[in-house]
>>> print(open('model-v4.tsv').read())   # TSV, C-alpha atoms and all ligand atoms
chain	number	residue	atom	x	y	z
A	1195	MET	CA	0.00	0.00	0.00
A	1196	ALA	CA	1.24	3.49	-0.80
A	1197	ARG	CA	0.08	6.97	0.15
A	1198	THR	CA	0.17	9.98	-2.14
A	1199	SER	CA	1.28	13.42	-0.96
A	1200	ASN	CA	-2.26	14.64	-1.58
A	1201	PRO	CA	-4.50	12.75	0.82
A	1202	ALA	CA	-7.49	14.85	-0.20
A	1203	ARG	CA	-7.40	13.16	-3.58
A	1204	PHE	CA	-6.35	9.56	-2.94
A	1205	VAL	CA	-6.19	8.21	0.59
A	1206	SER	CA	-3.93	5.34	-0.31
A	1207	ALA	CA	-3.55	2.94	-3.15
A	1208	ASP	CA	-3.00	-0.75	-3.59
A	1209	PHE	CA	-0.49	-1.02	-6.40
A	1210	THR	CA	-0.48	-4.80	-6.74
A	1211	PHE	CA	-2.48	-4.51	-9.96
A	1212	THR	CA	0.38	-2.67	-11.66
A	1213	PHE	CA	2.34	-5.92	-11.53
A	1214	GLY	CA	-0.62	-7.51	-13.30
A	1215	ASP	CA	-0.27	-4.85	-16.00
A	1216	ALA	CA	3.41	-5.73	-16.40
A	1217	LEU	CA	2.65	-9.37	-17.24
A	1218	PRO	CA	2.53	-10.35	-20.91
A	1219	GLN	CA	-1.09	-9.93	-22.01
A	1220	GLN	CA	-3.51	-12.82	-22.24
A	1221	THR	CA	-1.70	-15.49	-20.35
A	1222	ASN	CA	-5.13	-16.74	-19.27
A	1223	PRO	CA	-5.85	-19.85	-21.41
A	1224	GLN	CA	-9.60	-19.29	-20.92
A	1225	VAL	CA	-9.48	-16.00	-22.84
A	1226	ILE	CA	-9.69	-16.06	-26.64
A	1227	PRO	CA	-6.79	-14.05	-28.14
A	1228	ARG	CA	-7.61	-11.47	-30.83
A	1229	PRO	CA	-7.64	-12.58	-34.49
A	1230	ILE	CA	-4.08	-12.66	-35.82
A	1231	LYS	CA	-4.11	-15.05	-38.76
A	1232	PRO	CA	-6.74	-17.21	-40.46
A	1233	VAL	CA	-6.56	-20.92	-39.64
A	1234	THR	CA	-9.55	-22.65	-41.24
A	1235	ASP	CA	-10.85	-22.31	-44.82
A	1236	TRP	CA	-13.84	-20.43	-43.42
A	1237	ASP	CA	-11.46	-17.96	-41.70
A	1238	VAL	CA	-9.66	-17.37	-45.01
A	1239	GLN	CA	-12.94	-16.63	-46.81
A	1240	GLN	CA	-14.28	-14.32	-44.09
A	1241	TRP	CA	-11.06	-12.79	-42.78
A	1242	ASN	CA	-11.72	-9.15	-43.68
A	1243	GLY	CA	-15.16	-9.25	-42.08
A	1244	ILE	CA	-13.80	-10.93	-38.94
A	1245	LEU	CA	-11.07	-8.29	-38.60
A	1246	ARG	CA	-13.62	-5.54	-39.18
A	1247	GLY	CA	-15.91	-6.94	-36.46
A	1248	HIS	CA	-12.99	-7.06	-34.05
A	1249	ALA	CA	-11.97	-3.48	-34.89
A	1250	LEU	CA	-15.54	-2.20	-34.40
A	1251	SER	CA	-15.63	-3.83	-30.97
A	1252	ALA	CA	-12.21	-2.52	-29.97
A	1253	ARG	CA	-12.63	1.08	-31.26
A	1254	THR	CA	-16.38	1.57	-31.31
A	1255	TYR	CA	-16.89	5.28	-30.68
A	1256	GLU	CA	-13.92	6.24	-32.86
A	1257	LEU	CA	-15.07	4.14	-35.86
A	1258	LEU	CA	-18.85	4.65	-35.50
A	1259	PRO	CA	-19.29	8.28	-34.38
A	1260	THR	CA	-22.80	8.47	-35.88
A	1261	ASN	CA	-23.95	5.58	-33.70
A	1262	VAL	CA	-21.92	6.51	-30.63
A	1263	PRO	CA	-21.95	10.32	-30.64
A	1264	VAL	CA	-21.46	11.01	-26.92
A	1265	ALA	CA	-20.19	7.99	-24.99
A	1266	LYS	CA	-16.49	7.24	-25.07
A	1267	LEU	CA	-16.79	3.51	-24.73
A	1268	HIS	CA	-15.94	0.45	-26.77
A	1269	CYS	CA	-17.95	-2.75	-26.75
A	1270	GLY	CA	-14.74	-4.17	-25.29
A	1271	SER	CA	-14.89	-1.75	-22.33
A	1272	CYS	CA	-17.42	-4.14	-20.79
A	1273	HIS	CA	-17.14	-7.23	-23.00
A	1274	LEU	CA	-13.46	-7.54	-22.06
A	1275	ASN	CA	-11.02	-8.90	-24.66
A	1276	ASN	CA	-13.68	-7.85	-27.16
A	1277	GLY	CA	-16.10	-10.60	-26.28
A	1278	GLY	CA	-13.39	-13.23	-25.76
A	1279	ASN	CA	-13.40	-13.24	-21.95
A	1280	PRO	CA	-15.70	-15.76	-20.26
A	1281	THR	CA	-15.95	-13.72	-17.02
A	1282	ALA	CA	-17.21	-10.58	-18.82
A	1283	ALA	CA	-20.39	-11.47	-20.76
A	1284	TRP	CA	-18.42	-13.00	-23.63
A	1285	TRP	CA	-19.87	-13.45	-27.09
A	1286	VAL	CA	-19.35	-17.18	-27.48
A	1287	GLY	CA	-22.64	-18.96	-28.16
A	1288	MET	CA	-24.53	-15.82	-29.25
A	1289	LEU	CA	-25.66	-17.11	-32.69
A	1290	LYS	CA	-27.23	-20.15	-31.06
A	1291	GLU	CA	-28.60	-18.25	-28.04
A	1292	TYR	CA	-30.41	-15.72	-30.24
A	1293	ASN	CA	-31.36	-18.17	-33.00
A	1294	TYR	CA	-29.41	-16.41	-35.75
A	1295	PRO	CA	-30.32	-16.04	-38.62
A	1296	THR	CA	-33.83	-17.48	-38.06
A	1297	THR	CA	-34.87	-14.52	-35.90
A	1298	SER	CA	-33.62	-10.95	-35.59
A	1299	GLY	CA	-32.78	-11.55	-31.90
A	1300	LEU	CA	-29.02	-11.09	-32.21
A	1301	PRO	CA	-29.01	-7.83	-34.22
A	1302	ASP	CA	-31.71	-6.56	-31.86
A	1303	ARG	CA	-29.59	-7.44	-28.80
A	1304	ILE	CA	-26.53	-5.74	-30.31
A	1305	ASN	CA	-28.61	-2.65	-31.05
A	1306	GLN	CA	-29.86	-2.62	-27.45
A	1307	CYS	CA	-26.24	-2.25	-26.34
A	1308	PHE	CA	-25.83	0.58	-28.89
A	1309	GLU	CA	-28.85	2.41	-27.45
A	1310	ARG	CA	-28.23	1.80	-23.75
A	1311	SER	CA	-24.66	0.70	-23.00
A	1312	MET	CA	-23.25	3.05	-25.63
A	1313	ASN	CA	-26.00	5.66	-25.06
A	1314	GLY	CA	-26.26	5.91	-28.84
A	1315	VAL	CA	-28.15	5.14	-32.00
A	1316	PRO	CA	-28.87	1.62	-33.33
A	1317	LEU	CA	-27.36	0.33	-36.57
A	1318	PRO	CA	-29.85	0.32	-39.49
A	1319	ASN	CA	-32.40	-2.51	-39.28
A	1320	ASP	CA	-31.13	-4.19	-42.46
A	1321	PRO	CA	-29.79	-7.76	-42.63
A	1322	ALA	CA	-27.16	-6.63	-45.16
A	1323	ASN	CA	-25.81	-3.77	-43.03
A	1324	PRO	CA	-22.01	-4.18	-43.28
A	1325	GLU	CA	-21.29	-3.22	-39.64
A	1326	MET	CA	-23.91	-5.58	-38.22
A	1327	THR	CA	-22.68	-8.33	-40.53
A	1328	ALA	CA	-19.10	-7.78	-39.32
A	1329	PHE	CA	-20.08	-7.92	-35.63
A	1330	ILE	CA	-21.91	-11.21	-36.18
A	1331	LEU	CA	-19.11	-12.73	-38.32
A	1332	TYR	CA	-16.65	-11.88	-35.55
A	1333	MET	CA	-18.97	-13.53	-32.98
A	1334	GLN	CA	-19.12	-16.63	-35.21
A	1335	TRP	CA	-15.32	-16.63	-35.34
A	1336	LEU	CA	-15.27	-16.52	-31.50
A	1337	ASP	CA	-17.53	-19.62	-31.47
A	1338	GLU	CA	-15.02	-21.35	-33.73
A	1339	GLN	CA	-12.10	-20.35	-31.46
A	1340	ALA	CA	-13.82	-21.57	-28.28
A	1341	GLN	CA	-14.28	-24.92	-30.00
A	1342	LEU	CA	-10.73	-25.11	-31.36
A	1343	LEU	CA	-9.26	-24.08	-27.96
A	1344	LYS	CA	-11.73	-26.34	-26.10
A	1345	ILE	CA	-12.77	-23.56	-23.71
A	1346	PRO	CA	-15.85	-24.64	-21.72
A	1347	THR	CA	-18.90	-22.36	-22.01
A	1348	PRO	CA	-19.87	-20.75	-18.68
A	1349	LYS	CA	-23.51	-20.96	-17.58
A	1350	ASN	CA	-23.76	-17.25	-16.67
A	1351	PRO	CA	-22.52	-14.09	-18.39
A	1352	TYR	CA	-20.68	-13.25	-15.11
A	1353	PRO	CA	-19.56	-15.54	-12.31
A	1354	PRO	CA	-22.34	-15.49	-9.70
A	1355	ILE	CA	-22.12	-13.12	-6.70
A	1356	SER	CA	-24.04	-13.33	-3.42
A	1357	SER	CA	-27.05	-11.07	-3.06
A	1358	LEU	CA	-26.11	-8.17	-0.73
A	1359	THR	CA	-26.90	-4.49	-0.18
A	1360	GLY	CA	-24.24	-1.94	-1.08
A	1361	ASP	CA	-23.17	1.06	1.00
A	1362	ALA	CA	-22.21	3.97	-1.28
A	1363	SER	CA	-20.06	5.78	1.28
A	1364	LEU	CA	-18.00	2.67	1.99
A	1365	GLY	CA	-17.83	2.20	-1.79
A	1366	GLU	CA	-16.45	5.72	-2.20
A	1367	ALA	CA	-13.53	4.92	0.13
A	1368	ILE	CA	-12.66	1.71	-1.76
A	1369	PHE	CA	-13.02	3.60	-5.06
A	1370	GLY	CA	-10.37	6.10	-3.93
A	1371	GLN	CA	-7.98	3.28	-3.12
A	1372	LYS	CA	-8.52	0.78	-5.92
A	1373	CYS	CA	-10.19	2.42	-8.88
A	1374	ALA	CA	-9.45	6.17	-8.98
A	1375	PHE	CA	-5.87	5.51	-10.03
A	1376	CYS	CA	-7.14	4.38	-13.43
A	1377	HIS	CA	-10.69	5.71	-13.82
A	1378	GLY	CA	-9.96	9.10	-12.19
A	1379	ALA	CA	-11.19	10.31	-8.79
A	1380	ASP	CA	-14.04	11.96	-10.73
A	1381	GLY	CA	-14.87	8.69	-12.53
A	1382	GLN	CA	-14.43	10.35	-15.93
A	1383	GLY	CA	-11.81	7.92	-17.17
A	1384	ARG	CA	-8.57	8.89	-18.87
A	1385	TYR	CA	-8.52	10.11	-22.43
A	1386	GLU	CA	-5.27	12.07	-22.63
A	1387	SER	CA	-4.36	13.29	-26.16
A	1388	ASP	CA	-7.92	12.35	-27.14
A	1389	THR	CA	-6.97	8.69	-26.84
A	1390	TYR	CA	-8.95	6.01	-24.99
A	1391	TYR	CA	-6.88	4.84	-22.08
A	1392	ARG	CA	-9.32	4.11	-19.19
A	1393	PRO	CA	-13.10	4.36	-19.69
A	1394	ALA	CA	-15.55	6.70	-17.91
A	1395	LEU	CA	-17.71	5.11	-15.19
A	1396	TRP	CA	-20.32	7.88	-14.92
A	1397	GLY	CA	-21.06	11.30	-16.43
A	1398	PRO	CA	-21.68	12.19	-20.09
A	1399	HIS	CA	-19.19	9.74	-21.62
A	1400	SER	CA	-20.58	6.71	-19.80
A	1401	PHE	CA	-23.41	4.19	-20.35
A	1402	ASN	CA	-26.96	5.44	-19.76
A	1403	GLY	CA	-29.40	4.68	-16.96
A	1404	GLN	CA	-31.19	1.98	-18.99
A	1405	ALA	CA	-28.03	-0.08	-19.56
A	1406	GLY	CA	-27.53	-3.53	-18.05
A	1407	MET	CA	-24.39	-2.18	-16.34
A	1408	ALA	CA	-26.60	0.34	-14.50
A	1409	THR	CA	-28.32	-2.52	-12.65
A	1410	SER	CA	-27.41	-4.90	-9.85
A	1411	PRO	CA	-26.28	-7.64	-9.68
A	1412	LYS	CA	-24.73	-7.08	-13.15
A	1413	LEU	CA	-22.45	-4.20	-12.12
A	1414	PRO	CA	-21.21	-5.77	-8.85
A	1415	SER	CA	-20.73	-9.15	-10.59
A	1416	PHE	CA	-18.70	-7.55	-13.39
A	1417	VAL	CA	-16.59	-5.58	-10.91
A	1418	ARG	CA	-16.02	-8.53	-8.59
A	1419	ALA	CA	-14.86	-10.76	-11.47
A	1420	ASN	CA	-12.82	-8.26	-13.47
A	1421	MET	CA	-11.70	-5.16	-11.55
A	1422	PRO	CA	-9.16	-3.83	-10.70
A	1423	PHE	CA	-8.20	-4.53	-14.33
A	1424	HIS	CA	-6.09	-7.71	-14.57
A	1425	SER	CA	-6.68	-8.39	-10.85
A	1426	GLY	CA	-10.27	-9.65	-10.99
A	1427	GLY	CA	-11.44	-11.77	-8.08
A	1428	GLU	CA	-9.50	-9.87	-5.42
A	1429	LEU	CA	-12.39	-7.81	-4.04
A	1430	THR	CA	-14.93	-9.36	-1.68
A	1431	ASP	CA	-18.57	-9.62	-2.75
A	1432	GLN	CA	-19.43	-6.89	-0.22
A	1433	GLU	CA	-16.74	-4.53	-1.58
A	1434	ALA	CA	-18.11	-5.04	-5.11
A	1435	TRP	CA	-21.67	-4.21	-3.94
A	1436	ASN	CA	-20.41	-1.10	-2.11
A	1437	LEU	CA	-18.53	0.03	-5.22
A	1438	ALA	CA	-21.61	-0.54	-7.41
A	1439	ALA	CA	-23.78	1.46	-4.98
A	1440	PHE	CA	-21.27	4.32	-5.15
A	1441	ILE	CA	-20.93	4.27	-8.96
A	1442	LEU	CA	-24.71	4.10	-9.47
A	1443	SER	CA	-25.27	7.04	-7.07
A	1444	LYS	CA	-23.49	9.26	-9.61
A	1445	PRO	CA	-25.16	11.09	-12.54
A	1446	ARG	CA	-25.29	9.55	-16.03
A	1447	PRO	CA	-27.32	10.08	-19.21
A	1448	PRO	CA	-30.92	8.94	-18.54
A	1449	GLY	CA	-31.33	7.16	-21.87
A	1450	LYS	CA	-34.25	7.35	-24.26
A	1451	VAL	CA	-37.35	8.34	-22.34
A	1452	THR	CA	-39.95	6.89	-24.73
A	1453	ARG	CA	-39.44	3.21	-25.14
A	1501	LIG	C1	-21.33	-0.38	-20.50
A	1501	LIG	C2	-21.06	-1.78	-20.71
A	1501	LIG	C3	-21.38	-2.40	-22.06
A	1501	LIG	C4	-21.00	-1.96	-23.31
A	1501	LIG	C5	-20.17	-0.75	-23.65
A	1501	LIG	C6	-21.57	-2.89	-24.26
A	1501	LIG	N1	-22.26	-3.86	-23.60
A	1501	LIG	FE1	-23.17	-5.48	-24.44
A	1501	LIG	N2	-23.83	-6.05	-22.62
A	1501	LIG	C7	-23.56	-5.42	-21.42
A	1501	LIG	C8	-24.26	-6.09	-20.35
A	1501	LIG	C9	-24.22	-5.73	-18.87
A	1501	LIG	C10	-24.95	-7.16	-20.94
A	1501	LIG	C11	-25.88	-8.17	-20.24
A	1501	LIG	C12	-25.13	-9.37	-19.78
A	1501	LIG	C13	-26.08	-10.32	-19.09
A	1501	LIG	O1	-26.87	-10.96	-19.80
A	1501	LIG	O2	-26.04	-10.39	-17.86
A	1501	LIG	C14	-24.66	-7.10	-22.36
A	1501	LIG	C15	-25.14	-8.02	-23.29
A	1501	LIG	C16	-24.75	-8.08	-24.62
A	1501	LIG	C17	-25.05	-9.17	-25.51
A	1501	LIG	C18	-25.86	-10.42	-25.12
A	1501	LIG	C19	-25.01	-11.28	-24.22
A	1501	LIG	C20	-25.72	-12.53	-23.73
A	1501	LIG	O3	-25.04	-13.30	-22.99
A	1501	LIG	O4	-26.89	-12.76	-24.02
A	1501	LIG	C21	-24.47	-8.88	-26.71
A	1501	LIG	C22	-24.48	-9.73	-27.96
A	1501	LIG	C23	-23.82	-7.60	-26.57
A	1501	LIG	N3	-24.00	-7.15	-25.27
A	1501	LIG	C24	-23.14	-6.93	-27.57
A	1501	LIG	C25	-22.56	-5.68	-27.42
A	1501	LIG	C26	-21.97	-4.93	-28.51
A	1501	LIG	C27	-21.85	-5.40	-29.94
A	1501	LIG	C28	-21.50	-3.77	-27.97
A	1501	LIG	C29	-20.86	-2.60	-28.68
A	1501	LIG	C30	-21.66	-2.03	-29.75
A	1501	LIG	C31	-21.79	-3.79	-26.54
A	1501	LIG	N4	-22.46	-4.95	-26.25
A	1501	LIG	C32	-21.44	-2.79	-25.65
A	1501	LIG	C33	-22.75	-4.32	-21.24
A	1501	LIG	C34	-22.17	-3.59	-22.26
A	1502	LIG	C1	-5.25	-0.72	-13.82
A	1502	LIG	C2	-6.32	0.17	-14.26
A	1502	LIG	C3	-7.71	-0.09	-13.72
A	1502	LIG	C4	-8.10	-0.17	-12.40
A	1502	LIG	C5	-7.24	-0.03	-11.17
A	1502	LIG	C6	-9.54	-0.35	-12.44
A	1502	LIG	N1	-10.00	-0.39	-13.73
A	1502	LIG	FE1	-11.95	-0.60	-14.31
A	1502	LIG	N2	-11.33	-0.68	-16.26
A	1502	LIG	C7	-10.03	-0.52	-16.69
A	1502	LIG	C8	-9.99	-0.70	-18.13
A	1502	LIG	C9	-8.75	-0.57	-19.00
A	1502	LIG	C10	-11.32	-1.00	-18.54
A	1502	LIG	C11	-11.79	-1.28	-19.96
A	1502	LIG	C12	-11.17	-2.50	-20.55
A	1502	LIG	C13	-10.85	-2.38	-22.03
A	1502	LIG	O1	-11.16	-1.38	-22.67
A	1502	LIG	O2	-10.21	-3.33	-22.53
A	1502	LIG	C14	-12.14	-0.94	-17.33
A	1502	LIG	C15	-13.54	-1.12	-17.32
A	1502	LIG	C16	-14.34	-0.92	-16.21
A	1502	LIG	C17	-15.79	-0.92	-16.22
A	1502	LIG	C18	-16.71	-1.12	-17.44
A	1502	LIG	C19	-16.60	0.01	-18.43
A	1502	LIG	C20	-17.13	1.34	-17.95
A	1502	LIG	O3	-16.51	2.35	-18.30
A	1502	LIG	O4	-18.15	1.40	-17.24
A	1502	LIG	C21	-16.20	-0.71	-14.93
A	1502	LIG	C22	-17.62	-0.61	-14.42
A	1502	LIG	C23	-15.00	-0.62	-14.11
A	1502	LIG	N3	-13.89	-0.74	-14.93
A	1502	LIG	C24	-15.00	-0.43	-12.74
A	1502	LIG	C25	-13.83	-0.43	-11.96
A	1502	LIG	C26	-13.84	-0.41	-10.52
A	1502	LIG	C27	-15.08	-0.37	-9.63
A	1502	LIG	C28	-12.54	-0.45	-10.12
A	1502	LIG	C29	-11.98	-0.51	-8.70
A	1502	LIG	C30	-12.26	-1.75	-7.99
A	1502	LIG	C31	-11.71	-0.47	-11.31
A	1502	LIG	N4	-12.54	-0.47	-12.40
A	1502	LIG	C32	-10.33	-0.47	-11.31
A	1502	LIG	C33	-8.93	-0.23	-15.92
A	1502	LIG	C34	-8.90	-0.24	-14.54
>>> encode(input="model-v4.tsv", output="structure tokens", more="lines below")
Ligand code: HEC
Ligand code: HEC
Amino acid sequence: MARTSNPARFVSADFTFTFGDALPQQTNPQVIPRPIKPVTDWDVQQWNGILRGHALSARTYELLPTNVPVAKLHCGSCHLNNGGNPTAAWWVGMLKEYNYPTTSGLPDRINQCFERSMNGVPLPNDPANPEMTAFILYMQWLDEQAQLLKIPTPKNPYPPISSLTGDASLGEAIFGQKCAFCHGADGQGRYESDTYYRPALWGPHSFNGQAGMATSPKLPSFVRANMPFHSGGELTDQEAWNLAAFILSKPRPPGKVTR
């Protein structure tokens, strides 16, 4: 534990996660690495679309400013490793889950995240829309990887957490110690030189009040399993609930009123 010279800003900080940052990325065999080269014949045929789907997930607001005009988030801000991380609502099994292409369930679900999680505008409701097609191709590629790498499919989008009540003021103290270092004491993330570095947790650049992340137990489960970044699983269930209560006590865009 270390103290800063400005106790009004950060009380103290646990720096163990910086060692996590120093590790080579993606040493976790359960996480699907990003697409690097095509392996199967199907990969070869679809490679450009798969890469495009990955890029749209990894740089969403930069590449799709019409659809994400205000938030400064990527799909991968919450779907860690761009949908390849089984502890962060990964995208393996989505085509089957949403009966694609028999129903429009999957494009509809993706558009829900555009409207709520990204506080933005849905992609056009057109089966041939190139962005939607790329997202779904990339999700299909993730299915193929999970099979090739023999990664078992988890039952829940997040590992389960016990049902507790959060205390926002206790959450604020933990936030100052374990989260402010990256997300900012004001929760506005870090975007120096107009570059995404750490995402906003509340305020104008964050998800809106209708997003899944704005509800419990989704937010505490995500935090418990994945934060501090690269040190998921180190908070207690109660700490995660306190943090969620604190984060959700802060202002954020309300979302579409008529729905
Ligand atoms: C602010 C966080 C956040 C962002 C950003 C976000 N999502 Fe989500 N997404 C969620 C949450 C939370 C869920 C619900 C998980 C659950 O079922 O518990 C979800 C669910 C989904 C699902 C369904 C998962 C399932 O298991 O049924 C898909 C598909 C999806 N999101 C795609 C996207 C895409 C594509 C983007 C980018 C355009 C995106 N999301 C951006 C938080 C986010
Ligand atoms: C070492 C830096 C770091 C620390 C410390 C950290 N985070 Fe994060 N957090 C990130 C990064 C980076 C992402 C997005 C991942 C990506 O884009 O690949 C993220 C994403 C998130 C998200 C989902 C995206 C969003 O903007 O809403 C939440 C919620 C979150 N963190 C909460 C927390 C909480 C609570 C703590 C303290 C327990 C914490 N984080 C500590 C780096 C950090």
>>> residues_near_ligand(input="model-v4.tsv", ligand="ligand LIG 1502 (chain A)", cutoff="8 Å", atoms="all atoms listed in the file", output="compact mmCIF listing (two decimals) with C-alpha atoms, keeping the file's coordinate frame")
# COMPACT_ATOMS: atom_id res chain seq x y z
CA PHE A 1211 -2.48 -4.51 -9.96
CA THR A 1212 0.38 -2.67 -11.66
CA ASP A 1215 -0.27 -4.85 -16.00
CA ALA A 1252 -12.21 -2.52 -29.97
CA LEU A 1267 -16.79 3.51 -24.73
CA HIS A 1268 -15.94 0.45 -26.77
CA GLY A 1270 -14.74 -4.17 -25.29
CA SER A 1271 -14.89 -1.75 -22.33
CA CYS A 1272 -17.42 -4.14 -20.79
CA HIS A 1273 -17.14 -7.23 -23.00
CA LEU A 1274 -13.46 -7.54 -22.06
CA ASN A 1275 -11.02 -8.90 -24.66
CA ASN A 1276 -13.68 -7.85 -27.16
CA ILE A 1368 -12.66 1.71 -1.76
CA PHE A 1369 -13.02 3.60 -5.06
CA GLN A 1371 -7.98 3.28 -3.12
CA LYS A 1372 -8.52 0.78 -5.92
CA CYS A 1373 -10.19 2.42 -8.88
CA ALA A 1374 -9.45 6.17 -8.98
CA PHE A 1375 -5.87 5.51 -10.03
CA CYS A 1376 -7.14 4.38 -13.43
CA HIS A 1377 -10.69 5.71 -13.82
CA GLY A 1383 -11.81 7.92 -17.17
CA TYR A 1391 -6.88 4.84 -22.08
CA ARG A 1392 -9.32 4.11 -19.19
CA PRO A 1393 -13.10 4.36 -19.69
CA ALA A 1394 -15.55 6.70 -17.91
CA LEU A 1395 -17.71 5.11 -15.19
CA TRP A 1396 -20.32 7.88 -14.92
CA SER A 1400 -20.58 6.71 -19.80
CA PHE A 1401 -23.41 4.19 -20.35
CA MET A 1407 -24.39 -2.18 -16.34
CA LEU A 1413 -22.45 -4.20 -12.12
CA PHE A 1416 -18.70 -7.55 -13.39
CA VAL A 1417 -16.59 -5.58 -10.91
CA ARG A 1418 -16.02 -8.53 -8.59
CA ASN A 1420 -12.82 -8.26 -13.47
CA MET A 1421 -11.70 -5.16 -11.55
CA PRO A 1422 -9.16 -3.83 -10.70
CA PHE A 1423 -8.20 -4.53 -14.33
CA HIS A 1424 -6.09 -7.71 -14.57
CA LEU A 1429 -12.39 -7.81 -4.04
CA ALA A 1434 -18.11 -5.04 -5.11
CA LEU A 1437 -18.53 0.03 -5.22
CA ALA A 1438 -21.61 -0.54 -7.41
CA ILE A 1441 -20.93 4.27 -8.96
>>> atom_distance(input="model-v4.tsv", atom1="CA of Asn1242 in chain A", atom2="atom C9 of ligand LIG 1501 (chain A)")
28.0 Å
>>> residues_around(input="model-v4.tsv", residues="Tyr1332 in chain A", least_positions_apart="4", cutoff="9 Å", atoms="only C-alpha atoms", output="PyMOL selection string")
chain A and resi 1243-1248+1327-1328+1336-1337
>>> residues_around(input="model-v4.tsv", residues="range 1346-1355 of chain A", least_positions_apart="4", cutoff="9 Å", atoms="all atoms listed in the file", output="VMD selection string")
chain A and resid 1224 1280 to 1284 1286 to 1287 1340 to 1341 1411 to 1412 1414 to 1416 1418 to 1419 1431
>>> atom_distance(input="model-v4.tsv", atom1="CA of Pro1263 in chain A", atom2="CA of Ala1379 in chain A")
24.4 Å
>>> residues_around(input="model-v4.tsv", residues="Pro1232 in chain A", least_positions_apart="2", cutoff="12 Å", atoms="all atoms listed in the file", output="list of chain:residue names")
A:Arg1228, A:Pro1229, A:Ile1230, A:Thr1234, A:Asp1235, A:Trp1236, A:Asp1237, A:Val1238, A:Gln1239, A:Gln1240, A:Trp1241, A:Asn1242, A:Gly1243, A:Ile1244, A:Leu1245, A:Trp1335, A:Glu1338, A:Gln1339
>>> residues_around(input="model-v4.tsv", residues="Asn1402 in chain A", least_positions_apart="2", cutoff="9 Å", atoms="all atoms listed in the file", output="VMD selection string")
chain A and resid 1265 1309 to 1313 1396 to 1398 1400 1404 to 1405 1407 to 1408 1446 to 1450
>>> atom_distance(input="model-v4.tsv", atom1="atom C14 of ligand LIG 1501 (chain A)", atom2="CA of Arg1303 in chain A")
8.1 Å
>>> closest_residue(input="model-v4.tsv", among="A:Leu1258, A:Cys1269, A:Leu1250, A:Ile1345", to="ligand LIG 1501 (chain A)", atoms="only C-alpha atoms and all ligand atoms")
A:Cys1269
>>> closest_residue(input="model-v4.tsv", among="A:Asn1222, A:Thr1296, A:Asn1279, A:Asn1436", to="Glu1366 in chain A", atoms="all atoms listed in the file")
A:Asn1436
>>> axis_aligned_box(input="model-v4.tsv", around="ligand LIG 1501 (chain A)", padding_each_side="6 Å", output="lines of an AutoDock Vina configuration file")
center_x = -23.5
center_y = -6.8
center_z = -23.9
size_x = 18.7
size_y = 24.9
size_z = 24.1
>>> closest_residue(input="model-v4.tsv", among="A:Tyr1294, A:Phe1308, A:Trp1435, A:Tyr1255", to="ligand LIG 1501 (chain A)", atoms="all atoms listed in the file")
A:Phe1308
